[in-house]
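Coordinates from final.cif are shown below (mmCIF, N, CA and C atoms).
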```cif
data_data
loop_
_atom_site.label_atom_id
_atom_site.label_comp_id
_atom_site.auth_asym_id
_atom_site.auth_seq_id
_atom_site.Cartn_x
_atom_site.Cartn_y
_atom_site.Cartn_z
N MET A 280 -91.34 -89.31 -33.41
CA MET A 280 -90.95 -88.24 -34.30
C MET A 280 -90.89 -88.78 -35.72
N LEU A 281 -91.46 -88.07 -36.64
CA LEU A 281 -91.43 -88.42 -38.05
C LEU A 281 -90.19 -87.83 -38.67
N CYS A 282 -89.35 -88.66 -39.23
CA CYS A 282 -88.12 -88.19 -39.84
C CYS A 282 -88.24 -88.25 -41.35
N LEU A 283 -87.66 -87.27 -42.02
CA LEU A 283 -87.74 -87.21 -43.46
C LEU A 283 -87.19 -88.43 -44.18
N PRO A 284 -86.19 -89.16 -43.64
CA PRO A 284 -85.75 -90.36 -44.36
C PRO A 284 -86.87 -91.39 -44.53
N TYR A 285 -87.92 -91.31 -43.75
CA TYR A 285 -89.01 -92.27 -43.86
C TYR A 285 -90.09 -91.82 -44.82
N LEU A 286 -89.88 -90.67 -45.45
CA LEU A 286 -90.76 -90.21 -46.51
C LEU A 286 -90.02 -90.44 -47.82
N VAL A 287 -90.52 -91.33 -48.62
CA VAL A 287 -89.84 -91.68 -49.86
C VAL A 287 -90.60 -91.07 -51.02
N SER A 288 -89.99 -90.10 -51.65
CA SER A 288 -90.64 -89.44 -52.78
C SER A 288 -90.53 -90.32 -54.02
N SER A 289 -91.64 -90.64 -54.62
CA SER A 289 -91.63 -91.44 -55.84
C SER A 289 -91.01 -90.66 -56.98
N ALA A 290 -91.08 -89.33 -56.94
CA ALA A 290 -90.47 -88.52 -58.00
C ALA A 290 -88.95 -88.72 -58.01
N ARG A 291 -88.39 -88.94 -56.82
CA ARG A 291 -86.96 -89.17 -56.72
C ARG A 291 -86.57 -90.46 -57.43
N ARG A 292 -87.50 -91.44 -57.45
CA ARG A 292 -87.22 -92.71 -58.11
C ARG A 292 -87.62 -92.66 -59.59
N GLY A 293 -88.08 -91.51 -60.04
CA GLY A 293 -88.47 -91.39 -61.44
C GLY A 293 -89.85 -91.91 -61.74
N GLU A 294 -90.68 -92.10 -60.70
CA GLU A 294 -92.03 -92.63 -60.88
C GLU A 294 -93.02 -91.58 -60.41
N ALA A 295 -93.17 -90.51 -61.16
CA ALA A 295 -93.95 -89.36 -60.73
C ALA A 295 -95.42 -89.67 -60.50
N THR A 296 -95.92 -90.79 -61.00
CA THR A 296 -97.34 -91.11 -60.83
C THR A 296 -97.61 -91.85 -59.51
N ASN A 297 -96.57 -92.28 -58.79
CA ASN A 297 -96.76 -92.99 -57.53
C ASN A 297 -96.95 -92.00 -56.38
N PRO A 298 -97.68 -92.41 -55.35
CA PRO A 298 -97.85 -91.54 -54.18
C PRO A 298 -96.60 -91.49 -53.33
N LEU A 299 -96.59 -90.54 -52.40
CA LEU A 299 -95.53 -90.43 -51.41
C LEU A 299 -95.69 -91.60 -50.44
N LEU A 300 -94.62 -92.30 -50.15
CA LEU A 300 -94.67 -93.47 -49.28
C LEU A 300 -94.22 -93.09 -47.87
N LEU A 301 -95.07 -93.37 -46.89
CA LEU A 301 -94.74 -93.13 -45.48
C LEU A 301 -94.43 -94.49 -44.86
N SER A 302 -93.15 -94.77 -44.63
CA SER A 302 -92.77 -96.08 -44.11
C SER A 302 -92.82 -96.07 -42.58
N ASN A 303 -92.75 -97.25 -42.01
CA ASN A 303 -92.83 -97.41 -40.56
C ASN A 303 -91.53 -98.07 -40.08
N PRO A 304 -90.51 -97.26 -39.69
CA PRO A 304 -89.23 -97.84 -39.27
C PRO A 304 -89.37 -98.64 -37.98
N GLU A 305 -88.36 -99.44 -37.70
CA GLU A 305 -88.36 -100.29 -36.51
C GLU A 305 -88.43 -99.46 -35.23
N THR A 306 -89.14 -99.99 -34.23
CA THR A 306 -89.26 -99.31 -32.94
C THR A 306 -88.28 -99.93 -31.94
N GLN A 307 -88.08 -99.23 -30.84
CA GLN A 307 -87.23 -99.75 -29.78
C GLN A 307 -88.00 -100.78 -28.99
N LEU A 308 -87.29 -101.73 -28.40
CA LEU A 308 -87.91 -102.78 -27.61
C LEU A 308 -88.72 -102.18 -26.46
N GLY A 309 -89.94 -102.63 -26.28
CA GLY A 309 -90.78 -102.16 -25.20
C GLY A 309 -91.48 -100.84 -25.48
N ARG A 310 -91.43 -100.38 -26.72
CA ARG A 310 -92.08 -99.11 -27.07
C ARG A 310 -93.00 -99.33 -28.26
N GLU A 311 -94.01 -98.51 -28.35
CA GLU A 311 -94.95 -98.54 -29.47
C GLU A 311 -94.79 -97.26 -30.28
N ARG A 312 -94.72 -97.38 -31.58
CA ARG A 312 -94.62 -96.21 -32.44
C ARG A 312 -96.01 -95.76 -32.85
N LEU A 313 -96.32 -94.51 -32.57
CA LEU A 313 -97.54 -93.87 -33.04
C LEU A 313 -97.15 -92.87 -34.10
N ARG A 314 -97.89 -92.81 -35.19
CA ARG A 314 -97.57 -91.87 -36.26
C ARG A 314 -98.65 -90.80 -36.29
N HIS A 315 -98.25 -89.57 -36.10
CA HIS A 315 -99.16 -88.43 -36.14
C HIS A 315 -99.03 -87.79 -37.50
N LEU A 316 -100.14 -87.57 -38.16
CA LEU A 316 -100.14 -86.97 -39.48
C LEU A 316 -101.13 -85.82 -39.47
N VAL A 317 -100.64 -84.60 -39.71
CA VAL A 317 -101.50 -83.42 -39.75
C VAL A 317 -101.45 -82.90 -41.18
N ILE A 318 -102.59 -82.88 -41.84
CA ILE A 318 -102.67 -82.45 -43.24
C ILE A 318 -103.56 -81.23 -43.32
N GLY A 319 -103.10 -80.20 -43.99
CA GLY A 319 -103.87 -78.98 -44.18
C GLY A 319 -102.99 -77.91 -44.79
N SER A 320 -103.44 -76.68 -44.70
CA SER A 320 -102.63 -75.57 -45.20
C SER A 320 -101.39 -75.43 -44.32
N PRO A 321 -100.32 -74.83 -44.83
CA PRO A 321 -99.15 -74.61 -43.98
C PRO A 321 -99.48 -73.86 -42.69
N GLU A 322 -100.37 -72.87 -42.78
CA GLU A 322 -100.76 -72.12 -41.59
C GLU A 322 -101.52 -72.99 -40.61
N GLY A 323 -102.42 -73.82 -41.11
CA GLY A 323 -103.20 -74.70 -40.25
C GLY A 323 -102.34 -75.75 -39.57
N VAL A 324 -101.43 -76.36 -40.33
CA VAL A 324 -100.54 -77.36 -39.76
C VAL A 324 -99.64 -76.73 -38.70
N ARG A 325 -99.07 -75.57 -39.01
CA ARG A 325 -98.21 -74.87 -38.03
C ARG A 325 -99.02 -74.55 -36.77
N GLY A 326 -100.29 -74.15 -36.93
CA GLY A 326 -101.13 -73.85 -35.78
C GLY A 326 -101.35 -75.05 -34.88
N VAL A 327 -101.57 -76.22 -35.47
CA VAL A 327 -101.75 -77.45 -34.69
C VAL A 327 -100.45 -77.81 -33.97
N ILE A 328 -99.33 -77.69 -34.67
CA ILE A 328 -98.04 -77.97 -34.04
C ILE A 328 -97.81 -77.04 -32.85
N ASN A 329 -98.11 -75.77 -33.03
CA ASN A 329 -97.96 -74.81 -31.93
C ASN A 329 -98.89 -75.14 -30.77
N TYR A 330 -100.12 -75.52 -31.08
CA TYR A 330 -101.10 -75.84 -30.03
C TYR A 330 -100.66 -77.08 -29.24
N LEU A 331 -100.19 -78.12 -29.94
CA LEU A 331 -99.72 -79.32 -29.25
C LEU A 331 -98.50 -79.01 -28.39
N HIS A 332 -97.71 -78.05 -28.82
CA HIS A 332 -96.57 -77.61 -28.01
C HIS A 332 -97.06 -76.92 -26.73
N LEU A 333 -98.05 -76.04 -26.87
CA LEU A 333 -98.61 -75.35 -25.70
C LEU A 333 -99.21 -76.34 -24.70
N LEU A 334 -99.77 -77.42 -25.19
CA LEU A 334 -100.33 -78.46 -24.32
C LEU A 334 -99.24 -79.37 -23.74
N GLN A 335 -98.00 -79.11 -24.09
CA GLN A 335 -96.84 -79.89 -23.67
C GLN A 335 -96.92 -81.34 -24.14
N TYR A 336 -97.54 -81.53 -25.31
CA TYR A 336 -97.64 -82.86 -25.89
C TYR A 336 -96.43 -83.18 -26.75
N ALA A 337 -95.97 -82.22 -27.54
CA ALA A 337 -94.84 -82.44 -28.44
C ALA A 337 -94.08 -81.14 -28.65
N GLU A 338 -92.77 -81.24 -28.63
CA GLU A 338 -91.93 -80.09 -28.93
C GLU A 338 -92.03 -79.77 -30.43
N GLN A 339 -91.98 -78.51 -30.76
CA GLN A 339 -92.07 -78.10 -32.16
C GLN A 339 -90.93 -78.69 -32.98
N ARG A 340 -89.75 -78.81 -32.40
CA ARG A 340 -88.59 -79.30 -33.13
C ARG A 340 -88.67 -80.80 -33.44
N GLU A 341 -89.62 -81.50 -32.81
CA GLU A 341 -89.76 -82.94 -33.05
C GLU A 341 -90.50 -83.25 -34.36
N TRP A 342 -91.20 -82.28 -34.91
CA TRP A 342 -91.94 -82.48 -36.15
C TRP A 342 -90.99 -82.37 -37.34
N SER A 343 -91.34 -83.06 -38.40
CA SER A 343 -90.54 -82.97 -39.63
C SER A 343 -90.75 -81.61 -40.28
N GLN A 344 -89.92 -81.33 -41.27
CA GLN A 344 -90.16 -80.16 -42.11
C GLN A 344 -91.45 -80.41 -42.88
N PHE A 345 -92.07 -79.35 -43.37
CA PHE A 345 -93.27 -79.52 -44.19
C PHE A 345 -92.91 -80.29 -45.45
N VAL A 346 -93.80 -81.21 -45.83
CA VAL A 346 -93.62 -82.00 -47.04
C VAL A 346 -94.82 -81.72 -47.94
N THR A 347 -94.55 -81.30 -49.16
CA THR A 347 -95.63 -81.05 -50.12
C THR A 347 -96.18 -82.38 -50.61
N ILE A 348 -97.49 -82.54 -50.55
CA ILE A 348 -98.13 -83.77 -51.00
C ILE A 348 -98.22 -83.72 -52.52
N PRO A 349 -97.70 -84.75 -53.21
CA PRO A 349 -97.78 -84.75 -54.66
C PRO A 349 -99.21 -85.00 -55.12
N PRO A 350 -99.54 -84.67 -56.37
CA PRO A 350 -100.90 -84.89 -56.88
C PRO A 350 -101.35 -86.34 -56.76
N SER A 351 -100.41 -87.28 -56.76
CA SER A 351 -100.77 -88.69 -56.66
C SER A 351 -101.12 -89.13 -55.24
N GLY A 352 -100.88 -88.27 -54.24
CA GLY A 352 -101.31 -88.56 -52.87
C GLY A 352 -100.22 -89.13 -51.99
N ILE A 353 -100.66 -89.81 -50.91
CA ILE A 353 -99.77 -90.40 -49.92
C ILE A 353 -100.17 -91.86 -49.73
N LEU A 354 -99.20 -92.74 -49.59
CA LEU A 354 -99.44 -94.14 -49.31
C LEU A 354 -98.88 -94.45 -47.93
N ILE A 355 -99.74 -94.88 -47.00
CA ILE A 355 -99.32 -95.24 -45.65
C ILE A 355 -99.41 -96.75 -45.53
N THR A 356 -98.30 -97.40 -45.20
CA THR A 356 -98.30 -98.86 -45.10
C THR A 356 -98.38 -99.27 -43.63
N PRO A 357 -99.49 -99.88 -43.23
CA PRO A 357 -99.65 -100.28 -41.82
C PRO A 357 -98.93 -101.58 -41.53
N GLU A 358 -98.66 -101.78 -40.26
CA GLU A 358 -98.15 -103.06 -39.77
C GLU A 358 -99.35 -103.93 -39.43
N GLN A 359 -99.15 -105.23 -39.34
CA GLN A 359 -100.21 -106.16 -38.99
C GLN A 359 -100.84 -105.77 -37.66
N GLY A 360 -102.16 -105.65 -37.62
CA GLY A 360 -102.88 -105.35 -36.39
C GLY A 360 -103.04 -103.87 -36.08
N GLU A 361 -102.44 -102.97 -36.88
CA GLU A 361 -102.60 -101.55 -36.63
C GLU A 361 -104.00 -101.09 -37.03
N VAL A 362 -104.46 -100.03 -36.42
CA VAL A 362 -105.76 -99.44 -36.74
C VAL A 362 -105.55 -97.98 -37.10
N PHE A 363 -106.61 -97.33 -37.56
CA PHE A 363 -106.52 -95.94 -37.99
C PHE A 363 -107.74 -95.20 -37.49
N SER A 364 -107.54 -94.00 -36.99
CA SER A 364 -108.65 -93.14 -36.58
C SER A 364 -108.37 -91.75 -37.13
N LEU A 365 -109.39 -91.09 -37.59
CA LEU A 365 -109.23 -89.78 -38.20
C LEU A 365 -110.20 -88.80 -37.54
N LEU A 366 -109.67 -87.66 -37.15
CA LEU A 366 -110.49 -86.58 -36.62
C LEU A 366 -110.46 -85.45 -37.63
N ARG A 367 -111.62 -85.01 -38.06
CA ARG A 367 -111.71 -83.86 -38.95
C ARG A 367 -112.30 -82.70 -38.17
N ARG A 368 -111.63 -81.58 -38.25
CA ARG A 368 -112.08 -80.40 -37.53
C ARG A 368 -111.79 -79.19 -38.41
N ASP A 369 -112.76 -78.29 -38.53
CA ASP A 369 -112.57 -77.08 -39.31
C ASP A 369 -112.01 -75.98 -38.42
N ARG A 370 -111.26 -75.09 -39.02
CA ARG A 370 -110.73 -73.93 -38.28
C ARG A 370 -111.08 -72.66 -39.02
N GLN A 371 -111.22 -71.60 -38.27
CA GLN A 371 -111.51 -70.29 -38.84
C GLN A 371 -110.27 -69.76 -39.53
N ILE A 372 -110.39 -69.31 -40.75
CA ILE A 372 -109.27 -68.71 -41.48
C ILE A 372 -109.30 -67.22 -41.23
N ASP A 373 -108.19 -66.69 -40.70
CA ASP A 373 -108.09 -65.26 -40.45
C ASP A 373 -107.84 -64.55 -41.78
N ARG A 374 -108.64 -63.52 -42.02
CA ARG A 374 -108.49 -62.76 -43.27
C ARG A 374 -108.23 -61.33 -42.96
#
```

Take the structure from the file and write it as structure tokens.
Amino acid sequence: MLCLPYLVSSARRGEATNPLLLSNPETQLGRERLRHLVIGSPEGVRGVINYLHLLQYAEQREWSQFVTIPPSGILITPEQGEVFSLLRRDRQIDR
């Protein structure tokens, strides 16, 4: 679960040009922390959260509140040996 305390807004520190920092808090012994990041419109992100709930992958309440990405972006700091994979998928916008 991604908790808001692990999102450090640079604007809060008075450094509006820095990106949002996504930190990686300590994990419990014998467990691996996976970080799920869904970026898109509020409707698109909510749709993915709902879909993962229907698949019984994650409860809706386990996700953080929506966080607005600042113009400077997001900085994700990996741990030694971590990898990254990205899936891009388009969705139909209902009009």

Matched chain/residue IDs from the PyMOL selection byres ((chain A and resi 348-358) around 5), as a PyMOL selection string: chain A and resi 298-301+346-347+359-361

Gln339 (chain A) surroundings by only C-alpha atoms, 10 Å radius, close-in-sequence under 6 positions cut, as number ranges by chain: A: 325, 328-333

Interatomic distance (Å, one decimal) between atom N of Arg368 (chain A) and atom C of Val317 (chain A):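 A separation of 10.7 Å between them.
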
Point-to-point distance from CA of Leu366 (chain A) to atom C of Asn297 (chain A), Å rounded to tenths: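 One can read the CA of Leu366 (chain A) to atom C of Asn297 (chain A) distance as 24.6 Å.
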